[in-house]
$ cat model.txt   # compact mmCIF, C-alpha atoms
# COMPACT_ATOMS: atom_id res chain seq x y z
CA MET D 1 6.52 -44.68 55.14
CA ARG D 2 8.21 -44.14 51.81
CA GLY D 3 10.89 -46.81 51.77
CA GLY D 4 14.05 -47.86 53.55
CA THR D 5 17.66 -46.79 53.51
CA THR D 6 19.91 -47.88 50.67
CA THR D 7 22.43 -46.40 48.27
CA ALA D 8 20.49 -43.76 46.37
CA ILE D 9 21.10 -41.68 43.29
CA ASP D 10 22.44 -39.06 45.72
CA SER D 11 24.02 -40.57 48.84
CA ARG D 12 23.09 -37.50 50.87
CA TYR D 13 19.44 -38.49 50.48
CA ALA D 14 19.60 -42.29 50.71
CA HIS D 15 16.20 -43.71 49.86
CA ARG D 16 14.84 -47.00 48.60
CA PRO D 17 11.72 -46.54 46.47
CA VAL D 18 8.79 -48.77 47.41
CA MET D 19 7.15 -51.13 44.88
CA VAL D 20 9.36 -49.70 42.15
CA ALA D 21 8.85 -52.70 39.84
CA GLU D 22 5.07 -52.39 40.09
CA VAL D 23 5.22 -48.63 39.55
CA VAL D 24 7.37 -48.96 36.43
CA GLU D 25 5.28 -51.83 35.07
CA HIS D 26 2.10 -49.75 35.35
CA LEU D 27 3.53 -46.45 34.14
CA SER D 28 5.70 -47.74 31.30
CA ALA D 29 2.55 -47.83 29.11
CA VAL D 30 1.93 -44.08 29.30
CA PRO D 31 1.99 -42.09 26.05
CA SER D 32 4.95 -39.85 25.26
CA GLY D 33 4.88 -36.48 26.95
CA VAL D 34 5.44 -34.93 30.36
CA PHE D 35 5.34 -37.13 33.44
CA LEU D 36 4.78 -35.65 36.89
CA ASP D 37 6.41 -37.11 40.00
CA ALA D 38 4.47 -35.11 42.56
CA THR D 39 6.55 -36.33 45.54
CA ILE D 40 9.94 -36.99 44.01
CA GLY D 41 11.96 -37.59 47.19
CA GLY D 42 15.38 -38.91 46.21
CA GLY D 43 14.23 -39.60 42.65
CA GLY D 44 14.36 -43.40 42.78
CA HIS D 45 10.99 -44.01 41.13
CA ALA D 46 11.69 -41.27 38.57
CA ARG D 47 15.04 -42.73 37.49
CA ALA D 48 13.58 -46.24 37.17
CA LEU D 49 10.74 -44.92 35.02
CA LEU D 50 13.05 -42.84 32.83
CA ASN D 51 15.27 -45.89 32.33
CA ALA D 52 12.23 -47.71 30.96
CA ARG D 53 10.87 -44.70 29.07
CA PRO D 54 13.71 -42.34 28.10
CA ASP D 55 11.33 -40.50 25.76
CA LEU D 56 9.44 -38.98 28.70
CA SER D 57 10.07 -35.50 30.06
CA LEU D 58 9.83 -35.35 33.84
CA VAL D 59 8.67 -32.65 36.24
CA GLY D 60 9.33 -33.44 39.90
CA LEU D 61 7.92 -31.73 42.98
CA ASP D 62 8.85 -31.97 46.64
CA ARG D 63 8.36 -29.62 49.55
CA ASP D 64 11.62 -30.76 51.20
CA PRO D 65 14.61 -28.75 49.87
CA SER D 66 16.95 -31.64 50.70
CA ALA D 67 14.93 -33.91 48.42
CA VAL D 68 14.87 -31.29 45.69
CA GLU D 69 18.66 -30.96 45.85
CA ALA D 70 19.19 -34.73 45.84
CA ALA D 71 16.81 -35.35 42.94
CA SER D 72 18.21 -32.43 40.97
CA THR D 73 21.73 -33.78 41.38
CA GLY D 74 20.84 -37.41 40.77
CA LEU D 75 18.71 -36.72 37.71
CA ALA D 76 20.83 -33.93 36.22
CA ASP D 77 21.81 -36.15 33.29
CA ARG D 78 18.14 -36.65 32.38
CA GLY D 79 17.23 -33.01 31.74
CA THR D 80 14.40 -33.05 34.28
CA THR D 81 12.73 -30.07 35.95
CA ILE D 82 12.64 -30.30 39.77
CA CYS D 83 10.72 -27.71 41.80
CA GLN D 84 10.30 -27.14 45.52
CA ALA D 85 6.54 -27.19 45.98
CA CYS D 86 3.79 -29.14 47.73
CA PHE D 87 1.96 -31.58 45.51
CA SER D 88 -1.18 -29.51 46.13
CA GLN D 89 0.54 -26.75 44.11
CA LEU D 90 0.97 -28.92 41.02
CA GLY D 91 -1.51 -26.88 38.99
CA GLU D 92 0.28 -23.57 39.41
CA VAL D 93 3.70 -25.18 38.91
CA LEU D 94 2.64 -26.87 35.68
CA ASP D 95 0.94 -23.69 34.46
CA GLY D 96 4.15 -21.79 35.13
CA LEU D 97 6.06 -24.33 33.04
CA GLY D 98 3.50 -24.20 30.23
CA VAL D 99 2.45 -27.84 30.77
CA SER D 100 -1.25 -28.33 30.10
CA GLU D 101 -1.34 -32.12 29.71
CA LEU D 102 0.35 -35.01 31.49
CA ALA D 103 1.31 -38.43 30.21
CA GLY D 104 1.07 -39.69 33.77
CA SER D 105 1.69 -38.99 37.43
CA LEU D 106 3.00 -40.56 40.62
CA PHE D 107 2.08 -39.68 44.20
CA ASP D 108 4.20 -41.32 46.92
CA PHE D 109 2.71 -40.06 50.18
CA GLY D 110 4.05 -40.07 53.71
CA VAL D 111 7.44 -39.45 55.28
CA SER D 112 10.63 -40.73 53.67
CA SER D 113 13.43 -42.71 55.27
CA PRO D 114 16.01 -39.90 54.91
CA GLN D 115 13.73 -37.60 56.90
CA ILE D 116 13.33 -40.17 59.67
CA ASP D 117 16.96 -41.19 59.72
CA GLN D 118 18.22 -37.64 60.36
CA PRO D 119 17.53 -36.96 64.08
CA GLN D 120 17.81 -33.20 63.61
CA ARG D 121 14.65 -33.29 61.46
CA GLY D 122 12.64 -34.40 64.50
CA PHE D 123 10.64 -37.18 62.81
CA SER D 124 12.08 -40.13 64.73
CA TYR D 125 10.71 -41.59 67.94
CA ARG D 126 13.84 -43.75 68.24
CA LYS D 127 16.48 -41.00 67.95
CA ASP D 128 16.50 -37.86 70.06
CA GLY D 129 16.13 -34.55 68.30
CA PRO D 130 14.20 -31.28 68.31
CA LEU D 131 10.41 -31.25 68.02
CA ASP D 132 10.36 -30.22 64.39
CA MET D 133 8.81 -32.65 61.83
CA ARG D 134 8.54 -30.00 59.10
CA MET D 135 8.98 -31.38 55.60
CA ASP D 136 9.56 -27.80 54.49
CA PRO D 137 11.87 -26.28 57.12
CA SER D 138 10.80 -22.77 56.13
CA GLN D 139 7.19 -23.20 57.20
CA GLN D 140 6.18 -21.68 60.52
CA LEU D 141 4.26 -24.50 62.21
CA SER D 142 6.43 -27.17 63.83
CA ALA D 143 5.88 -30.11 66.14
CA ASP D 144 6.95 -27.97 69.09
CA GLU D 145 3.92 -25.70 68.63
CA VAL D 146 1.55 -28.65 68.20
CA VAL D 147 2.89 -30.59 71.20
CA ASN D 148 3.35 -27.67 73.57
CA GLY D 149 0.72 -25.22 72.35
CA TRP D 150 -2.34 -26.95 70.99
CA PRO D 151 -5.26 -27.53 73.39
CA GLU D 152 -5.88 -31.00 74.72
CA ALA D 153 -9.06 -31.43 72.67
CA GLU D 154 -7.15 -30.76 69.44
CA LEU D 155 -4.40 -33.19 70.41
CA LEU D 156 -7.07 -35.79 71.10
CA ARG D 157 -8.59 -35.19 67.67
CA ILE D 158 -5.37 -35.60 65.71
CA LEU D 159 -4.29 -38.65 67.72
CA ARG D 160 -7.61 -40.30 66.88
CA ASP D 161 -8.03 -39.10 63.30
CA TYR D 162 -4.45 -39.11 62.07
CA GLY D 163 -2.88 -41.75 64.30
CA ASP D 164 -5.74 -44.22 64.79
CA GLU D 165 -4.49 -44.22 68.36
CA ARG D 166 -6.56 -46.36 70.72
CA TYR D 167 -5.24 -44.51 73.76
CA ALA D 168 -5.58 -41.03 72.28
CA ARG D 169 -7.30 -39.55 75.33
CA ARG D 170 -4.66 -40.81 77.73
CA ILE D 171 -1.79 -39.62 75.54
CA ALA D 172 -3.32 -36.17 74.93
CA SER D 173 -3.83 -35.70 78.66
CA ALA D 174 -0.29 -36.88 79.42
CA ILE D 175 1.22 -34.50 76.86
CA VAL D 176 -0.56 -31.50 78.38
CA ALA D 177 0.48 -32.55 81.89
CA ALA D 178 4.13 -32.95 80.87
CA ARG D 179 4.53 -29.56 79.16
CA PRO D 180 6.93 -28.16 78.20
CA ILE D 181 8.21 -31.18 76.26
CA ALA D 182 11.62 -30.37 74.84
CA SER D 183 12.58 -33.17 72.45
CA THR D 184 11.45 -36.17 70.45
CA ALA D 185 12.83 -38.52 73.08
CA ALA D 186 10.77 -36.77 75.75
CA LEU D 187 7.62 -36.95 73.63
CA ALA D 188 8.20 -40.63 72.92
CA ALA D 189 8.60 -41.29 76.66
CA VAL D 190 5.38 -39.42 77.50
CA ALA D 191 3.42 -41.35 74.88
CA ARG D 192 4.91 -44.63 75.99
CA GLU D 193 4.10 -44.11 79.66
CA ALA D 194 0.51 -43.10 78.84
CA ILE D 195 -0.19 -46.46 77.21
CA PRO D 196 -1.01 -49.43 79.49
CA ALA D 197 1.95 -51.76 79.95
CA PRO D 198 0.38 -54.80 78.22
CA ALA D 199 -0.40 -52.71 75.13
CA ARG D 200 3.18 -51.44 74.89
CA ARG D 201 4.33 -54.93 74.02
CA ARG D 202 2.18 -55.13 70.90
CA GLY D 203 2.15 -53.35 67.53
CA GLY D 204 5.63 -51.89 67.36
CA HIS D 205 6.95 -48.82 69.17
CA PRO D 206 4.34 -47.36 71.58
CA ALA D 207 4.93 -43.80 70.31
CA LYS D 208 4.63 -44.66 66.61
CA ARG D 209 1.02 -43.56 66.16
CA ALA D 210 1.43 -40.39 68.22
CA PHE D 211 4.40 -39.29 66.11
CA GLN D 212 2.49 -40.07 62.93
CA ALA D 213 -0.44 -37.94 64.10
CA VAL D 214 1.73 -34.96 65.00
CA ARG D 215 3.66 -35.19 61.73
CA ILE D 216 0.50 -35.26 59.63
CA ALA D 217 -0.87 -32.28 61.53
CA VAL D 218 2.35 -30.27 61.20
CA ASN D 219 2.50 -30.80 57.43
CA ASP D 220 -1.26 -30.69 56.79
CA GLU D 221 -0.81 -33.81 54.72
CA LEU D 222 -4.31 -35.23 54.34
CA SER D 223 -6.17 -32.10 53.22
CA GLN D 224 -3.90 -31.77 50.17
CA ILE D 225 -4.54 -35.22 48.71
CA GLU D 226 -7.99 -34.83 47.18
CA PRO D 227 -7.45 -31.55 45.27
CA ALA D 228 -4.04 -32.71 44.06
CA LEU D 229 -5.36 -36.03 42.73
CA GLU D 230 -8.30 -34.25 41.09
CA ALA D 231 -5.93 -31.81 39.36
CA ALA D 232 -3.63 -34.59 38.16
CA ILE D 233 -6.53 -36.65 36.77
CA ASP D 234 -7.96 -33.62 34.99
CA ARG D 235 -4.61 -32.91 33.29
CA THR D 236 -3.90 -36.51 32.28
CA ALA D 237 -4.07 -37.24 28.55
CA PRO D 238 -6.27 -40.07 27.23
CA GLY D 239 -4.41 -43.31 27.83
CA GLY D 240 -2.25 -41.64 30.46
CA ARG D 241 -1.76 -43.37 33.78
CA GLY D 242 -1.26 -42.58 37.44
CA VAL D 243 -0.08 -44.32 40.59
CA VAL D 244 -0.81 -43.51 44.23
CA LEU D 245 1.32 -45.05 46.99
CA SER D 246 -0.10 -44.56 50.47
CA TYR D 247 1.12 -45.72 53.87
CA HIS D 248 -1.62 -44.62 56.26
CA SER D 249 -5.30 -45.54 56.40
CA GLY D 250 -6.32 -41.89 56.08
CA GLU D 251 -4.20 -41.38 52.95
CA ASP D 252 -5.51 -44.53 51.33
CA ARG D 253 -9.12 -43.78 52.24
CA ILE D 254 -8.97 -40.37 50.55
CA ALA D 255 -7.17 -41.71 47.48
CA LYS D 256 -9.63 -44.59 47.16
CA HIS D 257 -12.60 -42.21 47.43
CA VAL D 258 -11.26 -39.88 44.72
CA LEU D 259 -10.27 -42.63 42.32
CA ARG D 260 -13.52 -44.57 42.68
CA ARG D 261 -15.60 -41.43 42.21
CA ARG D 262 -13.66 -40.40 39.10
CA ALA D 263 -14.06 -43.98 37.83
CA GLY D 264 -17.84 -43.58 38.11
CA LEU D 265 -18.11 -46.03 40.98
CA ASN D 266 -20.14 -45.64 44.14
CA ASP D 267 -20.76 -47.83 47.18
CA GLU D 268 -23.51 -49.74 45.41
CA SER D 269 -21.42 -50.43 42.32
CA ARG D 270 -19.58 -53.27 43.99
CA PHE D 271 -22.81 -55.27 43.66
CA ARG D 272 -22.83 -56.47 40.06
CA GLY D 273 -25.77 -55.57 37.87
CA LEU D 274 -26.94 -52.45 39.70
CA PRO D 275 -27.52 -49.39 37.49
CA ARG D 276 -25.50 -46.22 37.88
CA SER D 277 -27.09 -43.55 40.06
CA PRO D 278 -28.60 -40.74 37.91
CA SER D 279 -26.62 -38.17 39.92
CA GLN D 280 -23.34 -40.03 39.50
CA ALA D 281 -20.77 -38.40 37.20
CA PRO D 282 -19.66 -40.44 34.18
CA PRO D 283 -16.29 -42.18 34.52
CA VAL D 284 -13.15 -40.43 33.31
CA ILE D 285 -10.66 -43.06 34.52
CA GLU D 286 -10.47 -46.81 34.83
CA LEU D 287 -8.98 -48.35 37.96
CA VAL D 288 -6.01 -50.55 37.11
CA PRO D 289 -6.00 -52.70 39.18
CA ARG D 290 -9.59 -52.46 40.41
CA GLY D 291 -8.49 -52.46 44.05
CA SER D 292 -5.12 -52.07 45.76
CA ARG D 293 -1.87 -53.99 45.71
CA ARG D 294 0.62 -54.65 48.48
CA PRO D 295 4.40 -55.15 48.33
CA SER D 296 5.55 -58.65 47.46
CA PRO D 297 6.82 -60.98 50.21
CA ALA D 298 10.29 -60.70 48.69
CA GLU D 299 10.25 -56.90 48.95
CA LEU D 300 8.97 -57.02 52.53
CA ALA D 301 11.73 -59.43 53.49
CA ASP D 302 14.29 -57.06 52.00
CA ASN D 303 12.66 -53.78 53.11
CA PRO D 304 10.35 -54.11 56.16
CA ARG D 305 9.62 -50.36 56.05
CA ALA D 306 7.46 -51.01 52.98
CA SER D 307 4.99 -53.10 54.99
CA SER D 308 2.24 -50.47 55.16
CA ALA D 309 2.37 -49.49 51.47
CA ARG D 310 -0.71 -49.71 49.26
CA PHE D 311 -0.56 -49.25 45.50
CA ARG D 312 -3.52 -47.86 43.53
CA GLY D 313 -3.42 -47.13 39.83
CA PHE D 314 -5.60 -45.61 37.15
CA CYS D 315 -5.76 -45.07 33.40
CA LYS D 316 -7.46 -42.09 31.77
CA LEU D 317 -10.34 -43.13 29.54
CA GLY D 318 -10.49 -42.21 25.89
CA ASP D 319 -7.90 -44.63 24.54
CA ASP D 320 -7.88 -48.38 23.85
CA GLN D 321 -4.93 -48.70 26.25
CA CYS D 322 -7.39 -48.41 29.13
CA LYS D 323 -9.25 -51.59 28.25
CA LEU D 324 -6.84 -54.03 29.77
CA GLY D 325 -9.25 -56.39 31.45
CA ASP D 326 -7.01 -56.82 34.50
CA ASP D 327 -9.28 -55.03 36.95
CA GLN D 328 -10.32 -58.26 38.57
CA ALA D 329 -6.76 -59.35 39.29
CA GLU D 330 -6.45 -57.70 42.68
CA GLY D 331 -10.04 -57.73 43.93
CA ALA D 332 -11.85 -54.60 45.10
CA ALA D 333 -10.08 -53.85 48.36

$ encode --input "model.txt" --output "structure tokens"
Amino acid sequence: MRGGTTTAIDSRYAHRPVMVAEVVEHLSAVPSGVFLDATIGGGGHARALLNARPDLSLVGLDRDPSAVEAASTGLADRGTTICQACFSQLGEVLDGLGVSELAGSLFDFGVSSPQIDQPQRGFSYRKDGPLDMRMDPSQQLSADEVVNGWPEAELLRILRDYGDERYARRIASAIVAARPIASTAALAAVAREAIPAPARRRGGHPAKRAFQAVRIAVNDELSQIEPALEAAIDRTAPGGRGVVLSYHSGEDRIAKHVLRRRAGLNDESRFRGLPRSPSQAPPVIELVPRGSRRPSPAELADNPRASSARFRGFCKLGDDQCKLGDDQAEGAA
């Protein structure tokens, strides 16, 4: 989840950016040019980066009109361009703006605290609201259709694949049996009762994984990651940099796969001394760090909602800036 509540650049969209110090540290070395914040949210990361690098021009994307409004208001003094669009549409947005090359990019996946903290958005399993969960309220598919209309087999699939839910079969069956389910509180109760009592006392709220699965399905979140990262890497200038913040094993798995492949790494490459496969594409990025980073203990103490965050970074090859020698600092997680 993308951060916790705090005083934001626009109080109507209160949001605390996750790992902001690490993001700025990594991205402050980008060359001058256009920077893309592909999931701008309330604009917290963007403002911190622009404070460090006022020479950058920023293009921000978000599918949530509330986030677009908040970021546009909060960053109005910086002359940024904020567009309502999915990050998977970054190519067409940048083409429309005449931007062919990026100095860098940031992807901050998942749901944001302002979305969760507004019960009427339907993201929260703790606060009652409608079964919505749409990041873009204008899209047709909502949680109501998924919960009350999708077949049991499809519910089982998303609970397993998107929620890593151990009791996916029981929850899917319970949802179908309880239809029609009218609200988030009702869905949370159904999920909770489907899980054995001993398991409810472990791992946080019993409905957490079910809500995550439905949200990811409603917003088709995972299928957009690979093409968007590919497009951002392709447009990045030599020496340019990117950051990916993920909060779910599926998000991180896709991001890791794309970044390692574009870095010319394969499964065997973690064993030192093995030659590159003849069919393997040459590297176009360097992973910086080589693996992933987690929030610091101090940040977790101050913002527990950051606990699931994983930071991955890259630098586009073709410039001496990429040869930093710090790839061993974080291991190869």

$ residues_around --input "model.txt" --residues "Asp108 in chain D" --least-positions-apart "6" --cutoff "12 Å" --atoms "only C-alpha atoms" --output "VMD selection string"
chain D and resid 1 to 3 17 to 20 23 36 to 46 60 to 62 87 221 225 229 242 to 248 251 to 252 255 306 309 to 313

$ write_last_selection --input "model.txt" --atoms "C-alpha atoms" --output "PDB file, keeping the file's coordinate frame"
ATOM      1  CA  MET D   1       6.520 -44.680  55.140  1.00  0.00           C
ATOM      2  CA  ARG D   2       8.210 -44.140  51.810  1.00  0.00           C
ATOM      3  CA  GLY D   3      10.890 -46.810  51.770  1.00  0.00           C
ATOM      4  CA  PRO D  17      11.720 -46.540  46.470  1.00  0.00           C
ATOM      5  CA  VAL D  18       8.790 -48.770  47.410  1.00  0.00           C
ATOM      6  CA  MET D  19       7.150 -51.130  44.880  1.00  0.00           C
ATOM      7  CA  VAL D  20       9.360 -49.700  42.150  1.00  0.00           C
ATOM      8  CA  VAL D  23       5.220 -48.630  39.550  1.00  0.00           C
ATOM      9  CA  LEU D  36       4.780 -35.650  36.890  1.00  0.00           C
ATOM     10  CA  ASP D  37       6.410 -37.110  40.000  1.00  0.00           C
ATOM     11  CA  ALA D  38       4.470 -35.110  42.560  1.00  0.00           C
ATOM     12  CA  THR D  39       6.550 -36.330  45.540  1.00  0.00           C
ATOM     13  CA  ILE D  40       9.940 -36.990  44.010  1.00  0.00           C
ATOM     14  CA  GLY D  41      11.960 -37.590  47.190  1.00  0.00           C
ATOM     15  CA  GLY D  42      15.380 -38.910  46.210  1.00  0.00           C
ATOM     16  CA  GLY D  43      14.230 -39.600  42.650  1.00  0.00           C
ATOM     17  CA  GLY D  44      14.360 -43.400  42.780  1.00  0.00           C
ATOM     18  CA  HIS D  45      10.990 -44.010  41.130  1.00  0.00           C
ATOM     19  CA  ALA D  46      11.690 -41.270  38.570  1.00  0.00           C
ATOM     20  CA  GLY D  60       9.330 -33.440  39.900  1.00  0.00           C
ATOM     21  CA  LEU D  61       7.920 -31.730  42.980  1.00  0.00           C
ATOM     22  CA  ASP D  62       8.850 -31.970  46.640  1.00  0.00           C
ATOM     23  CA  PHE D  87       1.960 -31.580  45.510  1.00  0.00           C
ATOM     24  CA  GLU D 221      -0.810 -33.810  54.720  1.00  0.00           C
ATOM     25  CA  ILE D 225      -4.540 -35.220  48.710  1.00  0.00           C
ATOM     26  CA  LEU D 229      -5.360 -36.030  42.730  1.00  0.00           C
ATOM     27  CA  GLY D 242      -1.260 -42.580  37.440  1.00  0.00           C
ATOM     28  CA  VAL D 243      -0.080 -44.320  40.590  1.00  0.00           C
ATOM     29  CA  VAL D 244      -0.810 -43.510  44.230  1.00  0.00           C
ATOM     30  CA  LEU D 245       1.320 -45.050  46.990  1.00  0.00           C
ATOM     31  CA  SER D 246      -0.100 -44.560  50.470  1.00  0.00           C
ATOM     32  CA  TYR D 247       1.120 -45.720  53.870  1.00  0.00           C
ATOM     33  CA  HIS D 248      -1.620 -44.620  56.260  1.00  0.00           C
ATOM     34  CA  GLU D 251      -4.200 -41.380  52.950  1.00  0.00           C
ATOM     35  CA  ASP D 252      -5.510 -44.530  51.330  1.00  0.00           C
ATOM     36  CA  ALA D 255      -7.170 -41.710  47.480  1.00  0.00           C
ATOM     37  CA  ALA D 306       7.460 -51.010  52.980  1.00  0.00           C
ATOM     38  CA  ALA D 309       2.370 -49.490  51.470  1.00  0.00           C
ATOM     39  CA  ARG D 310      -0.710 -49.710  49.260  1.00  0.00           C
ATOM     40  CA  PHE D 311      -0.560 -49.250  45.500  1.00  0.00           C
ATOM     41  CA  ARG D 312      -3.520 -47.860  43.530  1.00  0.00           C
ATOM     42  CA  GLY D 313      -3.420 -47.130  39.830  1.00  0.00           C
TER      43      GLY D 313
END

$ closest_residue --input "model.txt" --among "D:Arg166, D:Arg160, D:Ser296, D:Glu145" --to "Arg179 in chain D" --atoms "all atoms listed in the file"
D:Glu145

$ atom_distance --input "model.txt" --atom1 "CA of Ala281 in chain D" --atom2 "CA of Glu92 in chain D"
25.8 Å

$ atom_distance --input "model.txt" --atom1 "CA of Gly91 in chain D" --atom2 "CA of Ala231 in chain D"
6.6 Å

$ closest_residue --input "model.txt" --among "D:Ala168, D:Ala70, D:Cys315, D:Ala213" --to "Ser28 in chain D" --atoms "all atoms listed in the file"
D:Cys315

$ closest_residue --input "model.txt" --among "D:Pro137, D:Ala185, D:Gln115, D:Arg63" --to "Ser88 in chain D" --atoms "only C-alpha atoms"
D:Arg63

$ atom_distance --input "model.txt" --atom1 "CA of Val34 in chain D" --atom2 "CA of Gly104 in chain D"
7.3 Å

$ residues_around --input "model.txt" --residues "Gly163 in chain D" --least-positions-apart "4" --cutoff "8 Å" --atoms "only C-alpha atoms" --output "MDAnalysis selection string"
chainID D and resid 158:159 209:213

$ residues_around --input "model.txt" --residues "Ser173 in chain D" --least-positions-apart "4" --cutoff "8 Å" --atoms "only C-alpha atoms" --output "ChimeraX atom specification"
/D:152,169,177

$ residues_around --input "model.txt" --residues "Phe314 in chain D" --least-positions-apart "4" --cutoff "10 Å" --atoms "only C-alpha atoms" --output "tab-separated table (two decimals) with C-alpha atoms, in the frame of the given file"
chain	number	residue	atom	x	y	z
D	26	HIS	CA	2.10	-49.75	35.35
D	27	LEU	CA	3.53	-46.45	34.14
D	104	GLY	CA	1.07	-39.69	33.77
D	105	SER	CA	1.69	-38.99	37.43
D	233	ILE	CA	-6.53	-36.65	36.77
D	239	GLY	CA	-4.41	-43.31	27.83
D	240	GLY	CA	-2.25	-41.64	30.46
D	241	ARG	CA	-1.76	-43.37	33.78
D	242	GLY	CA	-1.26	-42.58	37.44
D	243	VAL	CA	-0.08	-44.32	40.59
D	244	VAL	CA	-0.81	-43.51	44.23
D	259	LEU	CA	-10.27	-42.63	42.32
D	260	ARG	CA	-13.52	-44.57	42.68
D	262	ARG	CA	-13.66	-40.40	39.10
D	263	ALA	CA	-14.06	-43.98	37.83
D	284	VAL	CA	-13.15	-40.43	33.31
D	285	ILE	CA	-10.66	-43.06	34.52
D	286	GLU	CA	-10.47	-46.81	34.83
D	287	LEU	CA	-8.98	-48.35	37.96
D	288	VAL	CA	-6.01	-50.55	37.11
D	289	PRO	CA	-6.00	-52.70	39.18
D	290	ARG	CA	-9.59	-52.46	40.41
D	322	CYS	CA	-7.39	-48.41	29.13

$ residues_around --input "model.txt" --residues "Ala197 in chain D" --least-positions-apart "6" --cutoff "12 Å" --atoms "all atoms listed in the file" --output "ChimeraX atom specification"
/D:167,191,206

$ closest_residue --input "model.txt" --among "D:Met135, D:Glu101, D:Arg47, D:Leu90" --to "Leu75 in chain D" --atoms "all atoms listed in the file"
D:Arg47

$ closest_residue --input "model.txt" --among "D:Arg294, D:Ala237, D:Trp150, D:Glu69" --to "Glu22 in chain D" --atoms "all atoms listed in the file"
D:Arg294

$ build_atoms --input "model.txt" --residues "range 62-73 of chain D" --atoms "N, CA and C atoms" --output "short mmCIF file (atom, residue, chain, number, x, y, z; two decimals), keeping the file's coordinate frame"
data_model
loop_
_atom_site.label_atom_id
_atom_site.label_comp_id
_atom_site.auth_asym_id
_atom_site.auth_seq_id
_atom_site.Cartn_x
_atom_site.Cartn_y
_atom_site.Cartn_z
N ASP D 62 8.71 -31.54 45.25
CA ASP D 62 8.85 -31.97 46.64
C ASP D 62 8.94 -30.72 47.50
N ARG D 63 8.33 -30.77 48.66
CA ARG D 63 8.36 -29.62 49.55
C ARG D 63 9.65 -29.57 50.37
N ASP D 64 10.39 -30.67 50.41
CA ASP D 64 11.62 -30.76 51.20
C ASP D 64 12.80 -30.31 50.34
N PRO D 65 13.48 -29.22 50.69
CA PRO D 65 14.61 -28.75 49.87
C PRO D 65 15.74 -29.76 49.77
N SER D 66 15.92 -30.61 50.78
CA SER D 66 16.95 -31.64 50.70
C SER D 66 16.63 -32.65 49.60
N ALA D 67 15.35 -33.00 49.48
CA ALA D 67 14.93 -33.91 48.42
C ALA D 67 15.09 -33.27 47.06
N VAL D 68 14.74 -32.00 46.96
CA VAL D 68 14.87 -31.29 45.69
C VAL D 68 16.34 -31.27 45.25
N GLU D 69 17.22 -31.00 46.18
CA GLU D 69 18.66 -30.96 45.85
C GLU D 69 19.15 -32.34 45.43
N ALA D 70 18.74 -33.38 46.17
CA ALA D 70 19.19 -34.73 45.84
C ALA D 70 18.67 -35.17 44.49
N ALA D 71 17.39 -34.94 44.22
CA ALA D 71 16.81 -35.35 42.94
C ALA D 71 17.40 -34.55 41.79
N SER D 72 17.63 -33.26 42.02
CA SER D 72 18.21 -32.43 40.97
C SER D 72 19.61 -32.91 40.60
N THR D 73 20.38 -33.28 41.62
CA THR D 73 21.73 -33.78 41.38
C THR D 73 21.69 -35.15 40.72
#
